[in-house]
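K.L.:
Structure file data.pdb (PDB, C-alpha atoms) right here:
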```
ATOM      1  CA  MET Q   1       0.000   0.000   0.000
ATOM      2  CA  PRO Q   2       1.491   3.391  -0.912
ATOM      3  CA  THR Q   3       2.557   5.581   2.007
ATOM      4  CA  LYS Q   4       0.233   8.454   1.000
ATOM      5  CA  LEU Q   5      -2.781   6.134   1.065
ATOM      6  CA  ILE Q   6      -1.826   4.692   4.447
ATOM      7  CA  TYR Q   7      -1.357   8.192   5.822
ATOM      8  CA  ALA Q   8      -4.724   9.334   4.365
ATOM      9  CA  ASN Q   9      -6.499   6.325   5.927
ATOM     10  CA  TYR Q  10      -4.772   7.012   9.247
ATOM     11  CA  LEU Q  11      -5.901  10.681   9.173
ATOM     12  CA  SER Q  12      -9.454   9.667   8.304
ATOM     13  CA  ILE Q  13      -9.599   7.216  11.215
ATOM     14  CA  MET Q  14      -8.060   9.752  13.630
ATOM     15  CA  LYS Q  15     -10.548  12.456  12.574
ATOM     16  CA  LYS Q  16     -13.438  10.099  13.255
ATOM     17  CA  LYS Q  17     -12.057   9.097  16.658
ATOM     18  CA  PHE Q  18     -11.158  12.681  17.515
ATOM     19  CA  SER Q  19     -14.596  13.897  16.432
ATOM     20  CA  LYS Q  20     -16.296  11.278  18.598
ATOM     21  CA  LYS Q  21     -14.180  12.292  21.582
ATOM     22  CA  ILE Q  22     -14.916  15.976  21.064
ATOM     23  CA  PHE Q  23     -18.604  15.197  20.573
ATOM     24  CA  LEU Q  24     -18.679  13.217  23.811
ATOM     25  CA  LEU Q  25     -16.749  15.956  25.595
ATOM     26  CA  LEU Q  26     -19.194  18.598  24.388
ATOM     27  CA  ILE Q  27     -22.166  16.526  25.487
ATOM     28  CA  LEU Q  28     -20.596  15.886  28.886
ATOM     29  CA  THR Q  29     -19.690  19.560  29.332
ATOM     30  CA  GLY Q  30     -23.210  20.621  28.386
ATOM     31  CA  PHE Q  31     -24.704  18.081  30.797
ATOM     32  CA  ILE Q  32     -22.472  19.249  33.634
ATOM     33  CA  SER Q  33     -23.257  22.919  33.028
ATOM     34  CA  LEU Q  34     -26.984  22.118  33.003
ATOM     35  CA  GLN Q  35     -26.596  20.263  36.286
ATOM     36  CA  CYS Q  36     -24.745  23.210  37.847
ATOM     37  CA  PHE Q  37     -27.350  25.693  36.658
ATOM     38  CA  SER Q  38     -30.860  24.426  36.853
ATOM     39  CA  GLN Q  39     -32.550  27.799  37.405
ATOM     40  CA  ASN Q  40     -35.837  27.838  35.561
ATOM     41  CA  VAL Q  41     -37.068  31.330  34.729
ATOM     42  CA  PRO Q  42     -40.784  31.122  34.020
ATOM     43  CA  MET Q  43     -42.906  33.927  32.652
ATOM     44  CA  ILE Q  44     -45.702  34.880  35.028
ATOM     45  CA  LYS Q  45     -48.719  37.162  34.890
ATOM     46  CA  VAL Q  46     -49.111  39.775  37.608
ATOM     47  CA  THR Q  47     -52.372  38.189  38.796
ATOM     48  CA  ASP Q  48     -50.597  34.851  39.345
ATOM     49  CA  LEU Q  49     -47.781  36.573  41.240
ATOM     50  CA  LEU Q  50     -50.227  38.424  43.482
ATOM     51  CA  LYS Q  51     -52.276  35.288  44.083
ATOM     52  CA  ARG Q  52     -49.131  33.521  45.229
ATOM     53  CA  ILE Q  53     -47.927  36.209  47.636
ATOM     54  CA  LYS Q  54     -51.380  36.983  49.005
ATOM     55  CA  SER Q  55     -52.091  33.399  49.939
ATOM     56  CA  ASN Q  56     -53.019  33.056  53.585
ATOM     57  CA  ASN Q  57     -49.793  31.794  55.165
ATOM     58  CA  ASP Q  58     -47.042  32.934  57.457
ATOM     59  CA  THR Q  59     -44.291  33.213  54.855
ATOM     60  CA  THR Q  60     -42.581  36.546  54.428
ATOM     61  CA  TYR Q  61     -42.209  37.341  50.739
ATOM     62  CA  ILE Q  62     -39.607  39.767  49.483
ATOM     63  CA  VAL Q  63     -40.533  40.550  45.905
ATOM     64  CA  ASN Q  64     -37.952  42.561  44.028
ATOM     65  CA  PHE Q  65     -38.813  44.085  40.646
ATOM     66  CA  TRP Q  66     -35.683  44.523  38.533
ATOM     67  CA  ALA Q  67     -34.292  44.455  34.992
ATOM     68  CA  THR Q  68     -30.977  43.477  33.461
ATOM     69  CA  TRP Q  69     -30.434  47.032  32.164
ATOM     70  CA  CYS Q  70     -31.086  48.701  35.555
ATOM     71  CA  VAL Q  71     -27.781  49.638  37.225
ATOM     72  CA  PRO Q  72     -29.123  49.984  40.805
ATOM     73  CA  CYS Q  73     -31.024  46.684  40.357
ATOM     74  CA  VAL Q  74     -27.854  44.888  39.379
ATOM     75  CA  ARG Q  75     -25.988  46.577  42.232
ATOM     76  CA  GLU Q  76     -28.502  45.439  44.868
ATOM     77  CA  MET Q  77     -28.871  41.873  43.541
ATOM     78  CA  PRO Q  78     -26.121  40.412  45.802
ATOM     79  CA  ASN Q  79     -28.067  41.689  48.836
ATOM     80  CA  PHE Q  80     -31.113  39.643  47.844
ATOM     81  CA  GLU Q  81     -28.899  36.631  47.228
ATOM     82  CA  LYS Q  82     -27.416  36.971  50.727
ATOM     83  CA  ILE Q  83     -30.898  37.201  52.240
ATOM     84  CA  ASN Q  84     -32.004  34.178  50.236
ATOM     85  CA  GLU Q  85     -29.054  32.163  51.541
ATOM     86  CA  GLU Q  86     -29.273  33.445  55.118
ATOM     87  CA  TYR Q  87     -33.000  32.697  55.475
ATOM     88  CA  LYS Q  88     -33.244  29.572  53.305
ATOM     89  CA  ASN Q  89     -34.341  27.443  56.282
ATOM     90  CA  GLU Q  90     -36.917  29.953  57.495
ATOM     91  CA  LYS Q  91     -40.273  31.117  56.189
ATOM     92  CA  VAL Q  92     -38.746  33.888  54.094
ATOM     93  CA  LYS Q  93     -38.953  33.711  50.313
ATOM     94  CA  VAL Q  94     -37.071  35.977  47.888
ATOM     95  CA  LEU Q  95     -38.750  36.393  44.500
ATOM     96  CA  LEU Q  96     -36.817  38.283  41.827
ATOM     97  CA  VAL Q  97     -39.285  39.496  39.219
ATOM     98  CA  SER Q  98     -37.707  40.793  36.040
ATOM     99  CA  ILE Q  99     -39.626  43.434  34.111
ATOM    100  CA  ASN Q 100     -37.518  42.980  30.998
ATOM    101  CA  PHE Q 101     -39.620  42.537  27.873
ATOM    102  CA  PRO Q 102     -40.894  38.960  27.460
ATOM    103  CA  ASN Q 103     -38.888  38.568  24.232
ATOM    104  CA  GLU Q 104     -35.692  39.197  26.266
ATOM    105  CA  LEU Q 105     -36.091  36.107  28.434
ATOM    106  CA  ASP Q 106     -33.685  33.911  26.447
ATOM    107  CA  SER Q 107     -31.345  36.642  25.241
ATOM    108  CA  LEU Q 108     -30.899  38.717  28.434
ATOM    109  CA  VAL Q 109     -32.606  37.390  31.562
ATOM    110  CA  ILE Q 110     -31.568  33.731  31.539
ATOM    111  CA  PRO Q 111     -27.947  34.513  30.544
ATOM    112  CA  TYR Q 112     -27.758  37.126  33.334
ATOM    113  CA  VAL Q 113     -29.157  34.727  35.940
ATOM    114  CA  LYS Q 114     -26.794  32.011  34.774
ATOM    115  CA  ARG Q 115     -23.727  34.275  34.643
ATOM    116  CA  LYS Q 116     -24.395  35.662  38.127
ATOM    117  CA  LYS Q 117     -25.305  32.181  39.471
ATOM    118  CA  ILE Q 118     -28.491  33.509  41.035
ATOM    119  CA  LYS Q 119     -30.064  31.023  43.410
ATOM    120  CA  SER Q 120     -33.134  33.026  44.439
ATOM    121  CA  GLU Q 121     -36.311  32.254  42.542
ATOM    122  CA  VAL Q 122     -36.406  34.324  39.356
ATOM    123  CA  MET Q 123     -39.351  34.959  37.060
ATOM    124  CA  LEU Q 124     -40.121  37.326  34.227
ATOM    125  CA  LEU Q 125     -43.278  39.409  34.442
ATOM    126  CA  ASN Q 126     -45.199  38.665  31.265
ATOM    127  CA  GLU Q 127     -46.949  42.031  31.124
ATOM    128  CA  LEU Q 128     -46.425  44.896  28.704
ATOM    129  CA  ASN Q 129     -49.010  47.376  29.984
ATOM    130  CA  MET Q 130     -47.534  49.244  32.951
ATOM    131  CA  ASP Q 131     -50.814  51.103  33.473
ATOM    132  CA  TYR Q 132     -52.364  47.723  34.221
ATOM    133  CA  PHE Q 133     -49.810  45.905  36.369
ATOM    134  CA  VAL Q 134     -48.183  48.730  38.353
ATOM    135  CA  PRO Q 135     -51.295  49.759  40.359
ATOM    136  CA  LEU Q 136     -52.101  46.100  41.006
ATOM    137  CA  VAL Q 137     -48.742  45.674  42.722
ATOM    138  CA  SER Q 138     -48.910  48.945  44.639
ATOM    139  CA  PRO Q 139     -50.576  52.348  44.264
ATOM    140  CA  LYS Q 140     -47.302  53.754  45.642
ATOM    141  CA  TRP Q 141     -45.376  52.496  42.600
ATOM    142  CA  HIS Q 142     -44.803  55.467  40.290
ATOM    143  CA  TYR Q 143     -44.113  55.000  36.586
ATOM    144  CA  ALA Q 144     -42.794  51.448  37.121
ATOM    145  CA  ASP Q 145     -39.467  52.916  38.226
ATOM    146  CA  ILE Q 146     -37.107  50.261  39.472
ATOM    147  CA  PRO Q 147     -35.644  48.923  41.610
ATOM    148  CA  ALA Q 148     -38.804  48.378  43.588
ATOM    149  CA  THR Q 149     -39.382  45.902  46.385
ATOM    150  CA  LEU Q 150     -42.509  44.574  48.005
ATOM    151  CA  PHE Q 151     -42.538  42.977  51.473
ATOM    152  CA  VAL Q 152     -45.518  40.767  52.234
ATOM    153  CA  ASN Q 153     -46.460  38.830  55.347
ATOM    154  CA  ASN Q 154     -50.152  37.989  55.377
ATOM    155  CA  LYS Q 155     -50.169  36.606  58.917
ATOM    156  CA  ASN Q 156     -48.983  39.991  60.211
ATOM    157  CA  ASN Q 157     -50.972  42.084  57.693
ATOM    158  CA  VAL Q 158     -47.841  43.507  56.068
ATOM    159  CA  TYR Q 159     -47.857  44.775  52.494
ATOM    160  CA  ASP Q 160     -45.054  47.348  52.295
ATOM    161  CA  PHE Q 161     -43.731  48.748  49.046
ATOM    162  CA  TYR Q 162     -40.442  50.607  48.544
ATOM    163  CA  GLN Q 163     -39.211  52.223  45.376
ATOM    164  CA  LYS Q 164     -35.515  52.452  46.084
ATOM    165  CA  GLU Q 165     -32.291  50.465  46.079
ATOM    166  CA  MET Q 166     -32.173  47.985  48.957
ATOM    167  CA  THR Q 167     -29.210  47.692  51.289
ATOM    168  CA  LEU Q 168     -28.485  44.478  53.131
ATOM    169  CA  ASP Q 169     -29.025  46.195  56.495
ATOM    170  CA  PHE Q 170     -32.444  47.496  55.441
ATOM    171  CA  LEU Q 171     -33.502  44.065  54.166
ATOM    172  CA  GLU Q 172     -32.458  42.361  57.393
ATOM    173  CA  GLU Q 173     -34.175  44.976  59.575
ATOM    174  CA  LYS Q 174     -37.363  44.758  57.539
ATOM    175  CA  ILE Q 175     -37.448  40.955  57.740
ATOM    176  CA  LYS Q 176     -37.059  41.048  61.526
ATOM    177  CA  GLU Q 177     -39.745  43.701  61.800
ATOM    178  CA  ILE Q 178     -42.412  41.929  59.740
ATOM    179  CA  SER Q 179     -41.680  38.294  60.567
ATOM    180  CA  LYS Q 180     -42.377  38.544  64.303
TER     181      LYS Q 180
END
```
What do you get writing this file as C-alpha cells?

P.N.:
Amino acid sequence: MPTKLIYANYLSIMKKKFSKKIFLLLILTGFISLQCFSQNVPMIKVTDLLKRIKSNNDTTYIVNFWATWCVPCVREMPNFEKINEEYKNEKVKVLLVSINFPNELDSLVIPYVKRKKIKSEVMLLNELNMDYFVPLVSPKWHYADIPATLFVNNKNNVYDFYQKEMTLDFLEEKIKEISK
C-alpha cells in the first residue's frame, strides 16, 4: 500500500475518533453545566404573582422588581442573594421578578441569571401594559421605576412597598420587623 494512502487512511480514522471524543466531551460539558445551573425562569402574569404572595400563610415574601439594564437593580442583587441564603431554612422567600420585555427572556434574563449564578427564585413578568400591572402591585409604585421591592407577610398584615435600592441592612431589619 502506498505511504500516502496509508497516511490518508490514518488521518481519516483519527478524525473520526477525535470527532467522537470531542462530541462526547461537548455533550458531557453541556450536561455538567446544566446540572450546575438548573434555574428555571418562568414567565408569570401579575395576577398569578399576586395570588401567590397573598395566599393566607405565614411566609414573608420579598418581591424585588428589577431588569438586566437597571444599574441599581444589578448593584442590589447580591443583597437579595445573601438574604435568600441566610434565610433559606426559614419562612422567608425571595422572589426576583424581572420586568424585561418577554422577548428578552432567552437573550438577556436567563444569561444574566446564569452568569451571576443567582439562586433566588427568578421569574419574568409577562406584562407589557404598565398602566395595568403597576397599580395592582402597589398604588405607591410610580411609573414602574425600578428597583422596587414589596414585602408581604399575610399573617402579620404587612404589604409594604419601597421604590428604592435595597441595602443588606435594610432588608435584614425589615425581615425582623415583619416576621415577628

K.L.:
Under the PyMOL selection byres ((chain Q and resi 125-139) around 9), which residues of this model are included? Write them out as a list in words.

P.N.:
Pro42, Met43, Ile44, Lys45, Val46, Thr47, Leu49, Leu50, Phe65, Val97, Ser98, Ile99, Asn100, Phe101, Pro102, Met123, Leu124, Lys140, Trp141, His142, Tyr143, Ala144, Leu150, Tyr159, Asp160 and Phe161 of chain Q

K.L.:
Excluding Leu96 (chain Q) and its own-chain neighbours fewer than 3 positions away, which residues fall within 10 Å of it when counting all atoms listed in the file? Please give them as a VMD selection string.

P.N.:
chain Q and resid 41 62 to 67 77 80 to 81 93 99 118 120 to 125 149

K.L.:
Using the selection just defined, write its residues with C-alpha atoms as a PDB file, keeping the file's coordinate frame.

P.N.:
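So the final result, stored in result_32.pdb, reads:
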```
ATOM      1  CA  VAL Q  41     -37.068  31.330  34.729  1.00  0.00           C
ATOM      2  CA  ILE Q  62     -39.607  39.767  49.483  1.00  0.00           C
ATOM      3  CA  VAL Q  63     -40.533  40.550  45.905  1.00  0.00           C
ATOM      4  CA  ASN Q  64     -37.952  42.561  44.028  1.00  0.00           C
ATOM      5  CA  PHE Q  65     -38.813  44.085  40.646  1.00  0.00           C
ATOM      6  CA  TRP Q  66     -35.683  44.523  38.533  1.00  0.00           C
ATOM      7  CA  ALA Q  67     -34.292  44.455  34.992  1.00  0.00           C
ATOM      8  CA  MET Q  77     -28.871  41.873  43.541  1.00  0.00           C
ATOM      9  CA  PHE Q  80     -31.113  39.643  47.844  1.00  0.00           C
ATOM     10  CA  GLU Q  81     -28.899  36.631  47.228  1.00  0.00           C
ATOM     11  CA  LYS Q  93     -38.953  33.711  50.313  1.00  0.00           C
ATOM     12  CA  ILE Q  99     -39.626  43.434  34.111  1.00  0.00           C
ATOM     13  CA  ILE Q 118     -28.491  33.509  41.035  1.00  0.00           C
ATOM     14  CA  SER Q 120     -33.134  33.026  44.439  1.00  0.00           C
ATOM     15  CA  GLU Q 121     -36.311  32.254  42.542  1.00  0.00           C
ATOM     16  CA  VAL Q 122     -36.406  34.324  39.356  1.00  0.00           C
ATOM     17  CA  MET Q 123     -39.351  34.959  37.060  1.00  0.00           C
ATOM     18  CA  LEU Q 124     -40.121  37.326  34.227  1.00  0.00           C
ATOM     19  CA  LEU Q 125     -43.278  39.409  34.442  1.00  0.00           C
ATOM     20  CA  THR Q 149     -39.382  45.902  46.385  1.00  0.00           C
TER      21      THR Q 149
END
```

K.L.:
Here is a test: counting only C-alpha atoms, which residue of Q:Val158, Q:Ile110, Q:Leu95, Q:Met166 is nearest to Asn56 (chain Q)?

P.N.:
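Checking each of Q:Val158, Q:Ile110, Q:Leu95, Q:Met166 against Asn56 (chain Q), counting only C-alpha atoms, the winner is Q:Val158.
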
K.L.:
Using CA of Asn153 (chain Q) and CA of Cys73 (chain Q) as the two end points, give the distance in Å to one decimal.

P.N.:
22.9 Å

K.L.:
Exactly which residues make up the result of the PyMOL selection byres ((chain Q and resi 113) around 10) on this file, given as a PyMOL selection string?

P.N.:
chain Q and resi 37+39-41+68+108-112+114-120+122

K.L.:
In Å, with one decimal, what is the gap from CA of Asn79 (chain Q) to CA of Asn154 (chain Q)?

P.N.:
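Atom-to-atom, CA of Asn79 (chain Q) and CA of Asn154 (chain Q) are spaced 23.3 Å apart.
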
K.L.:
Could you tell me which of Q:Lys176, Q:Cys70, Q:Thr60, Q:Pro78 comes closest to Asp145 (chain Q) if we count only C-alpha atoms?

P.N.:
Q:Cys70

K.L.:
In Å, with one decimal, what is the gap from CA of Glu104 (chain Q) to CA of Glu85 (chain Q)?

P.N.:
27.1 Å

K.L.:
For region 80-88 of chain Q, I'd like the enclosing box, axis-aligned and padded by 4 Å on every side, reported as JSON with centre and edge lengths in Å to one decimal.

P.N.:
```
{"center_x": -30.3, "center_y": 34.6, "center_z": 51.4, "size_x": 13.8, "size_y": 18.1, "size_z": 16.2}
```

K.L.:
Compare Q:Lys155, Q:Lys88, Q:Lys180, Q:Lys174 by their minimum atom-to-atom distance to Asp58 (chain Q), counting only C-alpha atoms, and give me the closest one.

P.N.:
Q:Lys155

K.L.:
I need the residue nearest Phe170 (chain Q) from this list: Q:Val152, Q:Ser107, Q:Glu90, Q:Glu76. Use only C-alpha atoms for the distance.

P.N.:
Q:Glu76
